[in-house]
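K.L.:
One structure, as structure tokens, below. Some questions next.
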Amino acid sequence: MTKSIVLISGASSGIGFKTAEYLHQKGFEVIGVSRSYPSSNYDFDYYQCDITKEEDIQQLKMTILKKYGHLDVLINAAGMGISGPIEYTTQAMIDKIYQVNVFGHVQMTNHLLPCLKKSSHAKIINISSVASDLAIPFQAFYSMTKASVDAFTKALSIELKPFSIQVTSILPGDIKTGFTAHREKPHLDEKDPYFQRYASSLARMEKDEMNGMDAIVIAKKIYRLIQKKRVPIRTTVGLSYKLIRLMYRLLPEKFVFWVVGKLYG
């Protein structure tokens, strides 16, 4: 039986690396890509590719077509985070997070669609976040990029239906990965009027992340989605996060914002 070929961006660490490892163990032909090689040992194929650089993705596409001939699954898992008051966030930082979390996924998808169209059962899996629905203060731009990923997923799923390519996004809650340590954040003076609220909010976020789910939970969910004949547009991972999203849909919006403000504001 021919192995399904899966390409994963952001595969040097976190969800991307754990998913690449897990799918490789399950018998998939896995291609991992990111700007740098993983620091841990790996057995899957790996290529350096900066998803914010079109020339890198073009070269990757040519390599895929030449060596593998097609793709069965594209997993857009690359991502970054920034935090801080909106007022102090520079345009350079906004541009950077959008380049990685949104435009990089769009470019990867657009350039690799010809490879996916050669498969009879292709899927695109985008890593979003529960924060796409529930905008979190002091990480507004992260929430904004993940909301963009959801909108991209919904529109793309309709556009690609005639080609039998399914598209879905996964909404994890807090995950224990290196993402927390790599979050970019501003330095605020203790006298700054935002300081106390921001410091408290950031401490809460980081504590939740460090006590969050292991990335293997997401890897296993991705595996199950690949096996499904039909995938949902969005999938939330973790019972508590499913309840949070249900609360968001059912309760008055003003009350939900009050709760979020108490927790993070």
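Numbering starts fresh at 1 for the residues of each chain in the structure tokens, the chains themselves are lettered A, B, ... in the order given, and ligands are numbered from 1 as they appear.
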Using only C-alpha atoms, which protein or nucleic acid residues come within 8 Å of Pro38 in chain A? Drop anything in the same chain fewer than 3 positions from it, and give the result as a PDB file with C-alpha atoms, in the first residue's frame.

P.N.:
```
ATOM      1  CA  ALA A  11       8.074  21.171  12.110  1.00  0.00           C
ATOM      2  CA  SER A  12      11.205  22.133  14.047  1.00  0.00           C
ATOM      3  CA  SER A  13       9.386  22.257  17.399  1.00  0.00           C
ATOM      4  CA  PHE A  17       7.484  18.560  15.369  1.00  0.00           C
ATOM      5  CA  ASN A  41      16.657  13.840  16.556  1.00  0.00           C
ATOM      6  CA  TYR A  42      14.185  13.038  13.784  1.00  0.00           C
TER       7      TYR A  42
END
```

K.L.:
Need the shell around Gln166 in chain A: protein/DNA/RNA residues with any atom at most 7 Å away, counting only C-alpha atoms. Skip same-chain ones fewer than 6 positions apart. Format as JSON, numbers by chain?

P.N.:
{"A": [122, 123, 124, 157]}

K.L.:
Between A:Leu112, A:Lys220, A:Met93, A:Pro137, which residue has the minimum interatomic distance to Glu21 in chain A, considering only C-alpha atoms?

P.N.:
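Result for the nearest residue to Glu21 in chain A: A:Lys220.
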
K.L.:
Per residue of range 38-79 of chain A within 10 Å of range 222-230 of chain A, which atom pair is closest and at what distance in Å (one decimal), using only C-alpha atoms, listed by chain and increasing number, as CSV?

P.N.:
```
residue,atom,partner,partner_atom,distance
A:Asp72,CA,A:Ile226,CA,9.4
A:Val73,CA,A:Ile226,CA,7.8
A:Ile75,CA,A:Ile222,CA,8.8
```

K.L.:
Choose the residue, out of A:Lys221, A:Lys242, A:Lys146, A:Lys207, that has the smallest atom-to-atom separation from Val100 in chain A; count only C-alpha atoms.

P.N.:
A:Lys146

K.L.:
Using only C-alpha atoms, which of the listed residues (A:Thr109, A:Ser201, A:Ser148, A:Thr19) sits closest to Asp214 in chain A?

P.N.:
A:Thr19

K.L.:
From range 55-232 of chain A, collect each residue whose DSSP state is strand (DSSP E or B) and return the set as a list in words.

P.N.:
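Output for range 55-232 of chain A, strand (DSSP E or B) only: Val73, Leu74, Ile75, Asn76, Ile82, Lys123, Ile124, Ile125, Asn126, Ile127, Gln166, Val167, Thr168, Ser169, Ile170, Leu171, Ile175, Lys176, Glu184, Met213 and Asp214 of chain A.
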